[in-house]
Amino acid sequence: MAVAAIPAGQGVRPAVNLRVDRWWLQPAVTFGVLLAFVIYATWAAFWPHDFVAITPHGNRLLSPFYSPCITSHCGPGNLGTSWHLVSWWPISAALLVLPFPLAFRATCYYYRKAYYRSFWLSPPACAVPEPHKRYTGETRFPLLIQNIHRYAWYFAIPLPLILLWEAIKSLAMHPGVGVSLGSLVLFVNAILLGLYTVSCHSCRHICGGHLNAFSKGPTRYWLWRQVTKLNVHHMGLAWISLVFVAATDGYVRLVAAGVFHDPRFF
Ligand code: FES
């Protein structure tokens, strides 16, 4: 972090930005990527067409934004394994599913830092003054809601497993079993989302928290160490999984619309 020299005798001026490096670059990129994702995800959630593709190999590719598809809107070829718990839902099936990953991601400790800086400029970067006069933190409504994160984790943890199940199902082709590019995309997406969910700070606390001595809980200590190794990469996993889940939705839509034919490897 580069800062300008303070002229002798003037002391520290806390309200002045003394940084002369490109401190604005990171919040600007964060702003651009998050905004692009929000726009794309909103469009995908409210455009309930082409979110499931039945390929010429006979397998089904389901967009992660619509998984698990618990309405009857998944179209033909769902192999009888979709959970049609809700048959009366009149609008996009994604709106029944997305609140859970949305609550988890929006309250993620890493994303909070990212969007507090890039959207609220609070502060925009280290050692850069923020425009707001008062700071109340997360002790009052609405930011008090951020504290649901640890509970949102419990709802989020089944989702990568469901996506993994969807990926496994996509291997069912005609004839027999095979692997296509779409299947691989679904697998990679499920794994990335799984790593992001397991590397969560709350998961680390669930594994190793409330223990006075690790020697009293060797299994939890082992779990805590494994999650800690992943937790180091939480920021990277947050970005990669975010971009890849949108890319997976885009891939399925292109195949479903007939723009692209899902190649089968074997
Ligand atoms: Fe990021 Fe929990 S801290 S998902």
# chains A, B, ... in the order shown; residues from 1 in each chain; ligands from 1
$ closest_atom_pairs --of "chain A" --to "ligand 1" --cutoff "7 Å" --atoms "only C-alpha atoms and all ligand atoms" --output "tab-separated table"
residue	atom	partner	partner_atom_place_in_ligand_line	distance
A:Phe104	CA	ligand 1	4 (S)	6.3
A:Arg105	CA	ligand 1	4 (S)	5.9
A:Cys108	CA	ligand 1	1 (Fe)	3.7
A:Tyr109	CA	ligand 1	3 (S)	4.2
A:Tyr110	CA	ligand 1	1 (Fe)	5.2
A:Tyr111	CA	ligand 1	1 (Fe)	6.8
A:His149	CA	ligand 1	2 (Fe)	6.7
A:Trp153	CA	ligand 1	2 (Fe)	6.9
A:Tyr196	CA	ligand 1	4 (S)	6.6
A:Thr197	CA	ligand 1	4 (S)	5.7
A:Cys200	CA	ligand 1	2 (Fe)	3.6
A:His201	CA	ligand 1	3 (S)	4.4
A:Ser202	CA	ligand 1	2 (Fe)	5.4
A:His234	CA	ligand 1	1 (Fe)	6.7
$ write_last_selection --atoms "C-alpha atoms" --output "PDB file, in the first residue's frame"
ATOM      1  CA  PHE A 104     -25.951 -18.105   2.409  1.00  0.00           C
ATOM      2  CA  ARG A 105     -23.872 -16.165  -0.107  1.00  0.00           C
ATOM      3  CA  CYS A 108     -20.889 -14.813   3.726  1.00  0.00           C
ATOM      4  CA  TYR A 109     -18.168 -13.097   5.731  1.00  0.00           C
ATOM      5  CA  TYR A 110     -16.003 -12.702   2.672  1.00  0.00           C
ATOM      6  CA  TYR A 111     -18.749 -11.262   0.461  1.00  0.00           C
ATOM      7  CA  HIS A 149     -25.147 -16.787   8.236  1.00  0.00           C
ATOM      8  CA  TRP A 153     -25.099 -22.790   6.311  1.00  0.00           C
ATOM      9  CA  TYR A 196     -17.036 -23.140  -1.123  1.00  0.00           C
ATOM     10  CA  THR A 197     -19.681 -24.344   1.364  1.00  0.00           C
ATOM     11  CA  CYS A 200     -17.073 -21.456   5.195  1.00  0.00           C
ATOM     12  CA  HIS A 201     -15.927 -19.815   8.438  1.00  0.00           C
ATOM     13  CA  SER A 202     -19.122 -21.020  10.135  1.00  0.00           C
ATOM     14  CA  HIS A 234     -12.345 -19.306   0.849  1.00  0.00           C
TER      15      HIS A 234
END
$ select_by_dssp --residues "stretch 112-141 of chain A" --states "alpha helix (DSSP H)" --output "list in words"
Arg112, Lys113, Ala114, Tyr115, Tyr116, Arg117 and Ser118 of chain A
$ write_last_selection --atoms "N, CA and C atoms" --output "JSON list (two decimals), in the first residue's frame"
[["chain", "number", "residue", "atom", "x", "y", "z"],
["A", 112, "ARG", "N", -19.40, -10.06, 2.48],
["A", 112, "ARG", "CA", -19.73, -8.83, 3.21],
["A", 112, "ARG", "C", -18.61, -7.81, 3.04],
["A", 113, "LYS", "N", -17.41, -8.28, 3.28],
["A", 113, "LYS", "CA", -16.27, -7.37, 3.12],
["A", 113, "LYS", "C", -16.24, -6.82, 1.69],
["A", 114, "ALA", "N", -16.47, -7.70, 0.71],
["A", 114, "ALA", "CA", -16.36, -7.30, -0.69],
["A", 114, "ALA", "C", -17.42, -6.26, -1.05],
["A", 115, "TYR", "N", -18.67, -6.51, -0.66],
["A", 115, "TYR", "CA", -19.67, -5.53, -1.11],
["A", 115, "TYR", "C", -19.79, -4.33, -0.17],
["A", 116, "TYR", "N", -19.37, -4.46, 1.09],
["A", 116, "TYR", "CA", -19.32, -3.25, 1.92],
["A", 116, "TYR", "C", -18.33, -2.26, 1.30],
["A", 117, "ARG", "N", -17.23, -2.83, 0.78],
["A", 117, "ARG", "CA", -16.21, -1.95, 0.21],
["A", 117, "ARG", "C", -16.62, -1.42, -1.16],
["A", 118, "SER", "N", -17.10, -2.31, -2.01],
["A", 118, "SER", "CA", -17.30, -1.90, -3.40],
["A", 118, "SER", "C", -18.63, -1.20, -3.64]]
$ closest_atom_pairs --of "stretch 114-184 of chain A" --to "stretch 14-28 of chain A" --cutoff "12 Å" --atoms "only C-alpha atoms" --output "CSV"
residue,atom,partner,partner_atom,distance
A:Ala114,CA,A:Pro27,CA,7.4
A:Tyr115,CA,A:Pro27,CA,8.2
A:Tyr116,CA,A:Pro27,CA,9.4
A:Arg117,CA,A:Pro27,CA,6.3
A:Ser118,CA,A:Pro27,CA,4.4
A:Phe119,CA,A:Pro27,CA,8.1
A:Trp120,CA,A:Pro27,CA,10.2
A:Leu121,CA,A:Pro27,CA,8.5
A:Ser122,CA,A:Pro27,CA,10.9
A:Pro123,CA,A:Pro27,CA,10.0
A:Pro124,CA,A:Pro27,CA,6.6
A:Ala125,CA,A:Trp23,CA,6.5
A:Cys126,CA,A:Trp23,CA,8.3
A:Ala127,CA,A:Asn17,CA,7.0
A:Val128,CA,A:Asn17,CA,5.2
A:Pro129,CA,A:Ala15,CA,5.8
A:Glu130,CA,A:Ala15,CA,8.6
A:Pro131,CA,A:Ala15,CA,9.7
A:His132,CA,A:Ala15,CA,11.5
A:Lys133,CA,A:Ala15,CA,11.1
$ residues_around --residues "stretch 141-144 of chain A" --least-positions-apart "3" --cutoff "12 Å" --atoms "only C-alpha atoms" --output "list in words"
Ala106, Thr107, Arg112, Tyr116, Tyr135, Thr136, Gly137, Glu138, Asn147, Ile148 and His149 of chain A
$ select_by_dssp --residues "stretch 64-247 of chain A" --states "strand (DSSP E or B)" --output "PyMOL selection string"
chain A and resi 71+86+172+177+180
$ write_last_selection --atoms "N, CA and C atoms" --output "mmCIF file, in the first residue's frame"
data_model
loop_
_atom_site.group_PDB
_atom_site.id
_atom_site.type_symbol
_atom_site.label_atom_id
_atom_site.label_comp_id
_atom_site.auth_asym_id
_atom_site.auth_seq_id
_atom_site.Cartn_x
_atom_site.Cartn_y
_atom_site.Cartn_z
ATOM 1 N N THR A 71 -40.844 -28.351 -8.728
ATOM 2 C CA THR A 71 -42.145 -28.134 -9.354
ATOM 3 C C THR A 71 -42.261 -29.077 -10.553
ATOM 4 N N VAL A 86 -44.216 -29.523 -5.487
ATOM 5 C CA VAL A 86 -45.113 -28.384 -5.653
ATOM 6 C C VAL A 86 -45.622 -28.390 -7.082
ATOM 7 N N ALA A 172 -26.651 -40.898 -17.151
ATOM 8 C CA ALA A 172 -27.587 -41.875 -17.728
ATOM 9 C C ALA A 172 -27.954 -41.451 -19.132
ATOM 10 N N VAL A 177 -24.527 -45.822 -20.055
ATOM 11 C CA VAL A 177 -23.948 -44.729 -19.272
ATOM 12 C C VAL A 177 -22.855 -44.075 -20.091
ATOM 13 N N SER A 180 -20.562 -36.680 -21.012
ATOM 14 C CA SER A 180 -20.569 -35.586 -21.980
ATOM 15 C C SER A 180 -19.947 -34.354 -21.342
#
$ closest_residue --among "A:Cys203, A:Ala156, A:Ile240, A:Val245" --to "A:Val227" --atoms "only C-alpha atoms"
A:Cys203
$ residues_around --residues "stretch 220-226 of chain A" --least-positions-apart "6" --cutoff "7 Å" --atoms "only C-alpha atoms" --output "compact mmCIF listing (two decimals) with N, CA, C and O atoms, in the first residue's frame"
# COMPACT_ATOMS: atom_id res chain seq x y z
N ARG A 204 -16.14 -24.06 9.82
CA ARG A 204 -14.93 -24.26 10.62
C ARG A 204 -15.26 -24.18 12.12
O ARG A 204 -14.79 -24.98 12.91
N CYS A 207 -17.17 -27.23 13.26
CA CYS A 207 -16.29 -28.40 13.43
C CYS A 207 -15.46 -28.30 14.71
O CYS A 207 -15.32 -29.28 15.44
N GLY A 208 -14.90 -27.12 14.96
CA GLY A 208 -13.93 -27.04 16.07
C GLY A 208 -14.31 -26.10 17.18
O GLY A 208 -13.56 -25.99 18.16
N PHE A 214 -8.77 -29.43 22.36
CA PHE A 214 -8.89 -30.29 21.18
C PHE A 214 -8.67 -31.76 21.54
O PHE A 214 -9.20 -32.66 20.86
$ closest_atom_pairs --of "stretch 111-185 of chain A" --to "stretch 51-69 of chain A" --cutoff "12 Å" --atoms "only C-alpha atoms" --output "JSON lines"
{"residue": "A:Pro158", "atom": "CA", "partner": "A:Pro68", "partner_atom": "CA", "distance": 10.2}
{"residue": "A:Leu159", "atom": "CA", "partner": "A:Pro68", "partner_atom": "CA", "distance": 8.0}
{"residue": "A:Pro160", "atom": "CA", "partner": "A:Pro64", "partner_atom": "CA", "distance": 9.4}
{"residue": "A:Leu161", "atom": "CA", "partner": "A:Pro68", "partner_atom": "CA", "distance": 10.3}
{"residue": "A:Ile162", "atom": "CA", "partner": "A:Pro68", "partner_atom": "CA", "distance": 6.7}
{"residue": "A:Leu163", "atom": "CA", "partner": "A:Ser67", "partner_atom": "CA", "distance": 6.8}
{"residue": "A:Leu164", "atom": "CA", "partner": "A:Pro64", "partner_atom": "CA", "distance": 10.3}
{"residue": "A:Trp165", "atom": "CA", "partner": "A:Pro68", "partner_atom": "CA", "distance": 9.8}
{"residue": "A:Glu166", "atom": "CA", "partner": "A:Leu62", "partner_atom": "CA", "distance": 7.3}
{"residue": "A:Ala167", "atom": "CA", "partner": "A:Leu61", "partner_atom": "CA", "distance": 7.9}
{"residue": "A:Ile168", "atom": "CA", "partner": "A:Arg60", "partner_atom": "CA", "distance": 10.4}
{"residue": "A:Lys169", "atom": "CA", "partner": "A:Arg60", "partner_atom": "CA", "distance": 7.6}
{"residue": "A:Ser170", "atom": "CA", "partner": "A:Asn59", "partner_atom": "CA", "distance": 5.3}
{"residue": "A:Leu171", "atom": "CA", "partner": "A:Asn59", "partner_atom": "CA", "distance": 6.7}
{"residue": "A:Ala172", "atom": "CA", "partner": "A:Asn59", "partner_atom": "CA", "distance": 5.7}
{"residue": "A:Met173", "atom": "CA", "partner": "A:Asn59", "partner_atom": "CA", "distance": 4.9}
{"residue": "A:His174", "atom": "CA", "partner": "A:Gly58", "partner_atom": "CA", "distance": 5.4}
{"residue": "A:Pro175", "atom": "CA", "partner": "A:His57", "partner_atom": "CA", "distance": 7.8}
{"residue": "A:Gly176", "atom": "CA", "partner": "A:His57", "partner_atom": "CA", "distance": 9.8}
{"residue": "A:Val177", "atom": "CA", "partner": "A:Asn59", "partner_atom": "CA", "distance": 9.3}
{"residue": "A:Gly178", "atom": "CA", "partner": "A:His57", "partner_atom": "CA", "distance": 8.6}
{"residue": "A:Val179", "atom": "CA", "partner": "A:Asn59", "partner_atom": "CA", "distance": 9.7}
{"residue": "A:Ser180", "atom": "CA", "partner": "A:His57", "partner_atom": "CA", "distance": 8.7}
{"residue": "A:Leu181", "atom": "CA", "partner": "A:Leu61", "partner_atom": "CA", "distance": 10.5}
{"residue": "A:Gly182", "atom": "CA", "partner": "A:Leu61", "partner_atom": "CA", "distance": 6.8}
{"residue": "A:Ser183", "atom": "CA", "partner": "A:Leu61", "partner_atom": "CA", "distance": 7.4}
{"residue": "A:Leu184", "atom": "CA", "partner": "A:Leu61", "partner_atom": "CA", "distance": 10.6}
{"residue": "A:Val185", "atom": "CA", "partner": "A:Leu61", "partner_atom": "CA", "distance": 9.5}
$ write_last_selection --atoms "N, CA, C and O atoms" --output "compact mmCIF listing (two decimals), in the first residue's frame"
# COMPACT_ATOMS: atom_id res chain seq x y z
N PRO A 158 -26.92 -29.05 2.01
CA PRO A 158 -27.42 -30.13 1.14
C PRO A 158 -27.33 -29.78 -0.35
O PRO A 158 -27.37 -30.69 -1.19
N LEU A 159 -27.23 -28.50 -0.67
CA LEU A 159 -27.35 -28.10 -2.08
C LEU A 159 -26.25 -28.68 -2.97
O LEU A 159 -26.55 -29.20 -4.06
N PRO A 160 -24.96 -28.64 -2.58
CA PRO A 160 -23.94 -29.26 -3.43
C PRO A 160 -24.16 -30.76 -3.60
O PRO A 160 -23.86 -31.31 -4.66
N LEU A 161 -24.72 -31.40 -2.56
CA LEU A 161 -24.98 -32.84 -2.67
C LEU A 161 -26.09 -33.09 -3.69
O LEU A 161 -26.02 -34.05 -4.47
N ILE A 162 -27.09 -32.22 -3.69
CA ILE A 162 -28.18 -32.36 -4.68
C ILE A 162 -27.63 -32.11 -6.08
O ILE A 162 -27.97 -32.82 -7.04
N LEU A 163 -26.75 -31.13 -6.21
CA LEU A 163 -26.14 -30.86 -7.52
C LEU A 163 -25.28 -32.04 -7.97
O LEU A 163 -25.22 -32.36 -9.17
N LEU A 164 -24.59 -32.65 -7.01
CA LEU A 164 -23.78 -33.81 -7.34
C LEU A 164 -24.67 -34.96 -7.82
O LEU A 164 -24.33 -35.66 -8.79
N TRP A 165 -25.82 -35.11 -7.19
CA TRP A 165 -26.76 -36.14 -7.60
C TRP A 165 -27.27 -35.87 -9.02
O TRP A 165 -27.37 -36.77 -9.84
N GLU A 166 -27.54 -34.60 -9.31
CA GLU A 166 -27.97 -34.22 -10.66
C GLU A 166 -26.87 -34.56 -11.68
O GLU A 166 -27.15 -35.02 -12.78
N ALA A 167 -25.62 -34.31 -11.29
CA ALA A 167 -24.50 -34.60 -12.19
C ALA A 167 -24.39 -36.10 -12.43
O ALA A 167 -24.16 -36.56 -13.57
N ILE A 168 -24.56 -36.89 -11.35
CA ILE A 168 -24.50 -38.35 -11.51
C ILE A 168 -25.63 -38.82 -12.43
O ILE A 168 -25.43 -39.67 -13.30
N LYS A 169 -26.81 -38.24 -12.24
CA LYS A 169 -27.95 -38.64 -13.09
C LYS A 169 -27.70 -38.30 -14.55
O LYS A 169 -28.21 -38.98 -15.45
N SER A 170 -26.92 -37.25 -14.78
CA SER A 170 -26.69 -36.84 -16.17
C SER A 170 -25.82 -37.84 -16.92
O SER A 170 -25.64 -37.72 -18.13
N LEU A 171 -25.26 -38.81 -16.20
CA LEU A 171 -24.47 -39.85 -16.86
C LEU A 171 -25.36 -40.92 -17.50
O LEU A 171 -24.87 -41.75 -18.28
N ALA A 172 -26.65 -40.90 -17.15
CA ALA A 172 -27.59 -41.87 -17.73
C ALA A 172 -27.95 -41.45 -19.13
O ALA A 172 -28.66 -40.47 -19.33
N MET A 173 -27.42 -42.16 -20.12
CA MET A 173 -27.62 -41.80 -21.52
C MET A 173 -28.21 -42.98 -22.28
O MET A 173 -28.43 -44.06 -21.73
N HIS A 174 -28.45 -42.74 -23.56
CA HIS A 174 -28.93 -43.82 -24.43
C HIS A 174 -27.84 -44.12 -25.45
O HIS A 174 -27.50 -43.23 -26.24
N PRO A 175 -27.24 -45.26 -25.47
CA PRO A 175 -27.51 -46.37 -24.57
C PRO A 175 -26.61 -46.32 -23.35
O PRO A 175 -25.49 -45.81 -23.41
N GLY A 176 -27.07 -46.88 -22.28
CA GLY A 176 -26.27 -47.07 -21.07
C GLY A 176 -25.82 -45.81 -20.37
O GLY A 176 -26.58 -44.87 -20.20
N VAL A 177 -24.53 -45.82 -20.05
CA VAL A 177 -23.95 -44.73 -19.27
C VAL A 177 -22.85 -44.07 -20.09
O VAL A 177 -22.13 -44.76 -20.82
N GLY A 178 -22.72 -42.76 -20.00
CA GLY A 178 -21.68 -42.07 -20.75
C GLY A 178 -21.31 -40.77 -20.06
O GLY A 178 -21.85 -40.41 -19.02
N VAL A 179 -20.34 -40.10 -20.66
CA VAL A 179 -19.89 -38.81 -20.13
C VAL A 179 -19.90 -37.79 -21.25
O VAL A 179 -19.34 -38.03 -22.32
N SER A 180 -20.56 -36.68 -21.01
CA SER A 180 -20.57 -35.59 -21.98
C SER A 180 -19.95 -34.35 -21.34
O SER A 180 -19.72 -34.32 -20.12
N LEU A 181 -19.70 -33.35 -22.16
CA LEU A 181 -19.14 -32.11 -21.62
C LEU A 181 -20.09 -31.51 -20.59
O LEU A 181 -19.66 -31.01 -19.54
N GLY A 182 -21.39 -31.59 -20.85
CA GLY A 182 -22.37 -31.07 -19.90
C GLY A 182 -22.30 -31.78 -18.56
O GLY A 182 -22.42 -31.14 -17.51
N SER A 183 -22.10 -33.10 -18.59
CA SER A 183 -21.97 -33.84 -17.33
C SER A 183 -20.77 -33.33 -16.55
O SER A 183 -20.85 -33.11 -15.34
N LEU A 184 -19.65 -33.15 -17.25
CA LEU A 184 -18.45 -32.66 -16.56
C LEU A 184 -18.67 -31.28 -15.97
O LEU A 184 -18.24 -30.98 -14.86
N VAL A 185 -19.38 -30.43 -16.73
CA VAL A 185 -19.67 -29.08 -16.22
C VAL A 185 -20.49 -29.18 -14.93
O VAL A 185 -20.21 -28.49 -13.95
$ closest_residue --among "A:Ala247, A:Ala36, A:Leu193, A:Ile206" --to "A:Arg150" --atoms "only C-alpha atoms"
A:Ile206
$ atom_distance --atom1 "atom CA of A:Ala152" --atom2 "atom CA of A:Ala103"
6.3 Å
$ atom_distance --atom1 "atom CA of A:Trp239" --atom2 "atom CA of A:Gln146"
19.6 Å
$ atom_distance --atom1 "atom CA of A:Thr228" --atom2 "atom CA of A:Ile191"
17.6 Å
$ closest_residue --among "A:Arg253, A:Arg140, A:His210, A:His261" --to "A:His49" --atoms "only C-alpha atoms"
A:Arg253
